[in-house]
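I have placed the structure first, in the form of structure tokens, so that the comments after it can refer back to it.
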Amino acid sequence: MPEFDNSPYGTVSIAHLKTMAGSEPRTITEDISIEGYVVANDLYGEYYKSIVICDDSGGIEISVDARQTAKIFPGAAKVTVHCTSLTIGDYDGRIVLGAKSNEYGIGRIEERDFARFFLIDKLSPKATEPTEITIDAISAKDIGNYVEITDVGFYEADGLRWCDTDPVTGEVKTTTRQLIDKQGNTLLVRTISQCSYATELLPLGSGRIRGIVEKQNSRYSLRIVNRQFDFTK
């Protein structure tokens with residue numbers, strides 16, 4: 001773990017900012033900012049009312065109260081976030097930046113406050129390359145980061161869809177599937193109900209997949225971004 005100044009000022013790395021998160025939501029009082037490039041939004045509905053930005057040190061999820069985040073925060077756009085008075089929290093290793101916390105967790109930054117907290121540069125896009133990683137190598141430091149995993153497939157995928165449907169209401173439900181590599185290592189893949197391909201069949205065979213490392217119920221998981229998966233039978 002790198003050592004960071006306990007009294008940061010100015011622009012800090014995302015990794016530095018994440019060290020400020022604790023089990024209880026914390027309001028940031030320091031005069032600090034982060035800069036990064038958008039790697040996740042709602043272009044395919046994979047992230048709802050949140051985005052993920054990354055710099056060279058890692059990534060962080062930002063909770064925003066806006067729809068069509070792909071238009072406001074397009075992929076590869078540079079975003080500067082002025083963090084003073086925002087709130088940061090650590091949920092089982094999943095770190096979220098947002099507005100004042102509420103009974104549901106970190107609050108969403110309201111769209112009317114975007115000009116106060118965000119500087120969005122859409123004219124100088126920079127595509128972020130994912131970090132190549134294997135399932136067995138994923139650790140706490142990778143949470144929030146954009147990664148690529150190759151030579152994997154979905155466990156018992158035949159006939160399954162990305163998301164299940166409630167048999168009573170017919171509503172699509174956020175669903176977790178299991179990814180497996182050739183060594184038998186497994187990783188959860190979480191797809192939310194708003195995802196545009198939620199009702200499509202899971203791909204068969206093996207291939208590569210790109211997404212953001214998360215954690216749920218003390219297990220590492222992956223959320224695909226920008227429909228980035230490529231499988232062959």
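Residues are referred to by chain and number: the chain letter is A, B, ... according to the order shown in the structure tokens, the number counts from 1 in that chain, and ligands are numbered separately from 1 in the order shown.
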For region 11-37 of chain A against region 71-92 of chain A, with a cut-off of 7 Å and counting only C-alpha atoms, what is the closest atom pair and its distance in Å to one decimal for every residue that makes the cut, ordered by chain and number, as a Markdown table?
| residue | atom | partner | partner_atom | distance |
| --- | --- | --- | --- | --- |
| A:Ala21 | CA | A:Gly89 | CA | 5.0 |
| A:Gly22 | CA | A:Asp90 | CA | 5.3 |
| A:Ser23 | CA | A:Asp90 | CA | 5.3 |
| A:Glu24 | CA | A:Gly89 | CA | 6.3 |
| A:Pro25 | CA | A:Gly89 | CA | 4.3 |
| A:Arg26 | CA | A:Thr87 | CA | 5.4 |
| A:Thr27 | CA | A:Thr87 | CA | 4.3 |
| A:Ile28 | CA | A:Ser85 | CA | 5.2 |
| A:Thr29 | CA | A:Thr84 | CA | 5.5 |
| A:Glu30 | CA | A:Thr84 | CA | 5.9 |
| A:Asp31 | CA | A:Thr84 | CA | 5.5 |
| A:Ile32 | CA | A:Cys83 | CA | 5.8 |
| A:Ser33 | CA | A:His82 | CA | 4.5 |
| A:Ile34 | CA | A:Val81 | CA | 5.3 |
| A:Glu35 | CA | A:Thr80 | CA | 4.4 |
| A:Gly36 | CA | A:Val79 | CA | 5.5 |
| A:Tyr37 | CA | A:Lys78 | CA | 4.5 |
Those residues you just picked out, can you put them in a file as an mmCIF file, in the first residue's frame with C-alpha atoms?
data_model
loop_
_atom_site.group_PDB
_atom_site.id
_atom_site.type_symbol
_atom_site.label_atom_id
_atom_site.label_comp_id
_atom_site.auth_asym_id
_atom_site.auth_seq_id
_atom_site.Cartn_x
_atom_site.Cartn_y
_atom_site.Cartn_z
ATOM 1 C CA ALA A 21 -12.932 6.107 2.656
ATOM 2 C CA GLY A 22 -13.955 4.236 5.782
ATOM 3 C CA SER A 23 -16.738 1.947 6.899
ATOM 4 C CA GLU A 24 -18.769 5.052 7.782
ATOM 5 C CA PRO A 25 -19.459 7.642 5.052
ATOM 6 C CA ARG A 26 -17.088 10.588 5.313
ATOM 7 C CA THR A 27 -17.635 14.133 4.075
ATOM 8 C CA ILE A 28 -14.481 15.410 2.384
ATOM 9 C CA THR A 29 -13.341 18.699 3.914
ATOM 10 C CA GLU A 30 -9.956 18.902 2.195
ATOM 11 C CA ASP A 31 -9.599 21.131 -0.876
ATOM 12 C CA ILE A 32 -8.836 18.334 -3.335
ATOM 13 C CA SER A 33 -9.749 17.191 -6.834
ATOM 14 C CA ILE A 34 -9.295 14.074 -8.926
ATOM 15 C CA GLU A 35 -8.979 13.722 -12.685
ATOM 16 C CA GLY A 36 -9.825 10.701 -14.773
ATOM 17 C CA TYR A 37 -11.417 9.385 -17.938
#
Practice prompt. Just the residues within 8 Å of Tyr48 (chain A), please, counting only C-alpha atoms, with nothing from its chain fewer than 6 positions along; format it as a PyMOL selection string.
Written response: chain A and resi 41-42+67+194
File dump, residues just selected, N, CA and C atoms, as a compact mmCIF listing (two decimals), in the first residue's frame:
# COMPACT_ATOMS: atom_id res chain seq x y z
N ASN A 41 -20.65 4.19 -18.03
CA ASN A 41 -21.83 5.05 -17.92
C ASN A 41 -23.05 4.20 -18.29
N ASP A 42 -24.14 4.84 -18.70
CA ASP A 42 -25.35 4.07 -19.00
C ASP A 42 -25.57 3.86 -20.49
N ARG A 67 -30.18 10.77 -15.61
CA ARG A 67 -30.33 9.75 -16.63
C ARG A 67 -29.50 10.16 -17.84
N GLN A 194 -31.57 -2.84 -15.61
CA GLN A 194 -31.68 -1.78 -16.62
C GLN A 194 -30.79 -2.03 -17.83
Discussion item. Restricting the calculation to only C-alpha atoms: of A:Ile109, A:Leu43, A:Ala15, A:Ile95, which residue gets closest to Ala66 (chain A)?
Written reply: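 Checking each of A:Ile109, A:Leu43, A:Ala15, A:Ile95 against Ala66 (chain A), counting only C-alpha atoms, the winner is A:Ile109.
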Discussion item. So that I can check the surroundings of region 211-226 of chain A, please list as a PyMOL selection string every protein, DNA and RNA residue that reaches within 9 Å of it, counting only C-alpha atoms and ignoring chain neighbours fewer than 3 positions away.
Written reply: chain A and resi 39-47+52+59+75+91-94+130+138-140+142-149+176+187-192+229
Item to complete: Taking the DSSP assignment computed from this structure's backbone, write out as number ranges by chain all residues of region 11-214 of chain A that belong to alpha helix (DSSP H).
Response: A: 14-18, 69-72, 114-117
Worksheet entry | Nearest to Lys122 (chain A), chosen from A:Ser50, A:Leu97, A:Asn102, A:Ala70, with only C-alpha atoms counted in the distances |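 Closest residue, counting only C-alpha atoms: A:Ala70.
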